[in-house]
Number of protein chains: 2
Amino acid sequence: MWELHQFALCPFSRKVRLMLGEKGVGYTLMTERPWERRDEFVDLNPTSQTPVMVDPERNIQLIDSSVICEYLEETVDRAQMINGTAINRAEIRRLAIWFDTQFFREVTELLLGERMIKRIVTKAGPDARMLRQAMRAAVECLDYTDYLLGRHNWMAGATLSLADLAAAAQISVADYLGGIDWKNHDQTARWYRGFKSRPSFRPLLSERMEGIAPAPHYADVDF
Amino acid sequence: MWELHQFALCPFSRKVRLMLGEKGVGYTLMTERPWERRDEFVDLNPTSQTPVMVDPERNIQLIDSSVICEYLEETVDRAQMINGTAINRAEIRRLAIWFDTQFFREVTELLLGERMIKRIVTKAGPDARMLRQAMRAAVECLDYTDYLLGRHNWMAGATLSLADLAAAAQISVADYLGGIDWKNHDQTARWYRGFKSRPSFRPLLSERMEGIAPAPHYADVDF
């Protein structure tokens with residue numbers, strides 16, 4: 001059985017959990033607070049970043065969410081998430097990386113820093129200026145996802161793919177932390193409502209990060 | 001014919017050029033200064049990051065070095081660079097990502113900022129404190145590559161792989177900018193000397209970034 005080392009608001013771990021859920025692969029959640037750099041976890045991954053996925057019986061350790069997703073895609077046939085022609089696959093990977101880097105850096109990382117790390121580690125309040133900056137960036141990002149979803153049903157084309165999982169992972173964490181203003185983003189809101197009903201996504205919606213309450217509409221499927 | 005939009009010291013473009021070279025795929029170099037955010041380039045890639053690889057005849061545009069490398073691996077059989085079992089492939093991708101993110105952020109990005117961007121854009125001199133920080137980080141990174149190369153001939157195993165291309169791309173830019181102290185890193189120095197003799201690497205060694213002279217030993221195969 002796989003063990004996934006993660007914490008509830010880690011967007012990269014969420015992407016892997018969505019992948020595991022879509023593919024119907026069982027796993028056990030292991031909670032890790034990577035910012036504490038626990039010795040045993042640093043031994044597992046010297047960069048002390050989540051997620052790390054381990055199969056103790058087979059002595060397999062997989063580090064980095066992109067690596068884990070590519071591994072699952074190669075080893076589990078069910079529900080292909082990097083599918084289609086080489087060009088389709090390139091577009092799926094491009095968008096997944098865009099959510100993992102651009103969206104993360106400009107939106108999710110700032111919100112996690114202000115609303116989670118500060119509360120847990122430094123016990124300081126959030127900086128309103130940084131929160132506004134993240135929310136402005138989120139509006140621009142959702143303008144882009146609206147554009148993508150105006151062209152086809154899913155982020156990277158006609159079918160659900162890793163790009164949608166990466167998107168839902170980042171957007172759901174940003175939404176939990178109150179960083180998403182849904183008005184004027186009908187295309188993305190419709191896509192996200194559909195996503196919230198998927199069995200792979202349900203477990204994430206009911207989870208809470210200790211000491212940090214989600215935005216009121218967070219778990220509402222008809223927000 | 002592919003067109004690769006890049007600049008001489010872009011480590012991610014170098015990774016793609018090494019991949020193209022190893023696979024024997026022809027391409028034309030197009031010089032781009034992404035920090036200028038030229039309109040036509042932003043139209044191609046809204047994040048204004050190099051590399052972008054374009055085939056105008058087939059109307060294909062590939063963005064992001066990882067995406068391009070996966071695409072080349074899937075479409076060109078020759079010289080497989082993400083090879084072996086799913087576990088081997090995961091290790092290759094993990095290390096390629098480690099060089100692209102960790103090594104880049106701690107070493108290459110700082111050196112490019114201090115020794116290239118400042119000279120070209122702000123006309124300021126480099127901050128000696130930042131240079132020292134990058135060089136200290138490079139020592140730690142090369143301790144790690146020494147460890148890897150003490151276990152097998154190449155970064156991720158018994159054969160040349162994308163992990164080596166990602167490593168050579170980052171290390172060569174850092175070395176050009178004088179950020180690598182080769183003493184006490186015999187394993188990595190031996191690996192890099194071998195790399196410098198590869199036909200895929202030769203064109204990179206002879207190139208110069210306008211207005212920025214390389215470290216004296218940079219192009220010396222027997223440094």
# chains A, B, ... in the order shown; residues from 1 in each chain; ligands from 1
call {"tool": "closest_atom_pairs", "arguments": {"of": "segment 78-102 of chain B", "to": "segment 66-80 of chain A", "cutoff": "7 Å", "atoms": "only C-alpha atoms", "output": "JSON lines"}}
result
{"residue": "B:Ala86", "atom": "CA", "partner": "A:Tyr71", "partner_atom": "CA", "distance": 6.2}
{"residue": "B:Ala90", "atom": "CA", "partner": "A:Val67", "partner_atom": "CA", "distance": 5.6}
{"residue": "B:Arg93", "atom": "CA", "partner": "A:Val67", "partner_atom": "CA", "distance": 6.1}
{"residue": "B:Arg94", "atom": "CA", "partner": "A:Val67", "partner_atom": "CA", "distance": 6.1}
call {"tool": "write_last_selection", "arguments": {"atoms": "C-alpha atoms", "output": "PDB file, in the first residue's frame"}}
result
ATOM      1  CA  ALA B  86       9.204   3.178 -14.426  1.00  0.00           C
ATOM      2  CA  ALA B  90      11.087   8.444 -11.999  1.00  0.00           C
ATOM      3  CA  ARG B  93      12.791  12.963 -13.831  1.00  0.00           C
ATOM      4  CA  ARG B  94      13.365  13.632 -10.122  1.00  0.00           C
TER       5      ARG B  94
END
call {"tool": "select_by_dssp", "arguments": {"residues": "segment 22-131 of chain A", "states": "helix (DSSP H, G or I)", "output": "short mmCIF file (atom, residue, chain, number, x, y, z; two decimals) with C-alpha atoms, in the first residue's frame"}}
result
data_model
loop_
_atom_site.label_atom_id
_atom_site.label_comp_id
_atom_site.auth_asym_id
_atom_site.auth_seq_id
_atom_site.Cartn_x
_atom_site.Cartn_y
_atom_site.Cartn_z
CA GLU A 22 -9.15 9.05 -10.60
CA LYS A 23 -7.05 5.94 -11.16
CA PRO A 34 7.52 20.06 5.82
CA TRP A 35 8.39 23.50 7.22
CA GLU A 36 9.44 21.78 10.45
CA ASP A 39 14.84 14.58 10.53
CA GLU A 40 13.11 11.42 9.29
CA PHE A 41 11.37 13.36 6.52
CA VAL A 42 14.57 15.14 5.44
CA ASP A 43 16.17 11.69 5.21
CA LEU A 44 13.35 10.74 2.83
CA SER A 65 4.39 15.58 -7.60
CA SER A 66 5.21 15.65 -11.34
CA VAL A 67 7.43 12.59 -11.00
CA ILE A 68 4.70 10.76 -9.06
CA CYS A 69 2.01 11.66 -11.62
CA GLU A 70 4.16 10.51 -14.56
CA TYR A 71 4.93 7.29 -12.68
CA LEU A 72 1.25 6.62 -11.98
CA GLU A 73 0.39 7.37 -15.61
CA GLU A 74 3.00 4.87 -16.81
CA THR A 75 2.14 2.11 -14.36
CA ALA A 86 2.34 13.93 -28.55
CA ILE A 87 1.01 17.47 -29.18
CA ASN A 88 -1.97 16.90 -26.84
CA ARG A 89 0.36 15.51 -24.21
CA ALA A 90 2.64 18.53 -24.55
CA GLU A 91 -0.34 20.85 -23.99
CA ILE A 92 -1.45 18.88 -20.92
CA ARG A 93 2.05 19.02 -19.43
CA ARG A 94 2.46 22.71 -20.29
CA LEU A 95 -0.73 23.62 -18.43
CA ALA A 96 0.00 21.34 -15.48
CA ILE A 97 3.39 23.08 -15.14
CA TRP A 98 1.72 26.48 -15.52
CA PHE A 99 -0.56 25.75 -12.54
CA ASP A 100 2.30 24.19 -10.54
CA THR A 101 4.62 27.16 -11.07
CA GLN A 102 2.86 30.34 -12.26
CA PHE A 103 -0.43 29.94 -10.37
CA PHE A 104 1.38 28.58 -7.33
CA ARG A 105 3.98 31.36 -7.18
CA GLU A 106 1.56 34.23 -7.80
CA VAL A 107 -1.48 33.01 -5.84
CA THR A 108 -1.30 29.85 -3.72
CA GLU A 109 2.18 30.35 -2.27
CA LEU A 110 1.37 33.89 -1.13
CA LEU A 111 -1.92 32.81 0.46
CA LEU A 112 -0.26 29.85 2.21
CA GLY A 113 2.48 32.15 3.48
CA GLU A 114 0.10 34.80 4.83
CA ARG A 115 -2.77 32.63 6.08
CA MET A 116 -1.12 29.35 7.06
CA ILE A 117 2.63 29.66 7.71
CA LYS A 118 2.29 32.96 9.57
CA ARG A 119 -0.47 31.58 11.76
CA ILE A 120 1.31 28.31 12.51
CA VAL A 121 4.96 29.33 12.64
CA THR A 122 5.33 33.03 13.41
CA ALA A 128 -3.33 42.76 3.82
CA ARG A 129 -1.21 44.10 0.97
CA MET A 130 0.11 40.61 0.13
CA LEU A 131 -3.40 39.15 0.32
#
call {"tool": "atom_distance", "arguments": {"atom1": "atom CA of Thr159 of chain B", "atom2": "atom CA of Phe195 of chain B"}}
result
12.9 Å
call {"tool": "closest_residue", "arguments": {"among": "A:Cys10, A:Leu62, A:Leu142, A:Ala124", "to": "Lys183 of chain A", "atoms": "only C-alpha atoms"}}
result
A:Leu142
call {"tool": "atom_distance", "arguments": {"atom1": "atom CA of Ile180 of chain A", "atom2": "atom CA of Ala213 of chain A"}}
result
15.1 Å
call {"tool": "closest_atom_pairs", "arguments": {"of": "segment 79-179 of chain B", "to": "segment 197-201 of chain B", "cutoff": "10 Å", "atoms": "only C-alpha atoms", "output": "JSON lines"}}
result
{"residue": "B:Leu165", "atom": "CA", "partner": "B:Phe201", "partner_atom": "CA", "distance": 9.4}
{"residue": "B:Ala168", "atom": "CA", "partner": "B:Phe201", "partner_atom": "CA", "distance": 8.7}
{"residue": "B:Ala169", "atom": "CA", "partner": "B:Phe201", "partner_atom": "CA", "distance": 9.3}
{"residue": "B:Ser172", "atom": "CA", "partner": "B:Phe201", "partner_atom": "CA", "distance": 9.8}
call {"tool": "closest_residue", "arguments": {"among": "B:Trp191, B:Ala167, B:Asp181, B:Phe7", "to": "Arg132 of chain B", "atoms": "only C-alpha atoms"}}
result
B:Asp181
call {"tool": "atom_distance", "arguments": {"atom1": "atom CA of Thr31 of chain B", "atom2": "atom CA of Leu162 of chain B"}}
result
23.7 Å
call {"tool": "closest_residue", "arguments": {"among": "A:Pro11, A:Pro214, A:Gly24, A:Pro46", "to": "chain B", "atoms": "only C-alpha atoms"}}
result
A:Pro46
call {"tool": "residues_around", "arguments": {"residues": "His217 of chain A", "least_positions_apart": "4", "cutoff": "10 Å", "atoms": "only C-alpha atoms", "output": "ChimeraX atom specification"}}
result
/A:175-176,178,221-223
call {"tool": "closest_residue", "arguments": {"among": "A:Arg208, A:Arg37, A:Lys196, A:Arg58", "to": "chain B", "atoms": "only C-alpha atoms"}}
result
A:Arg58
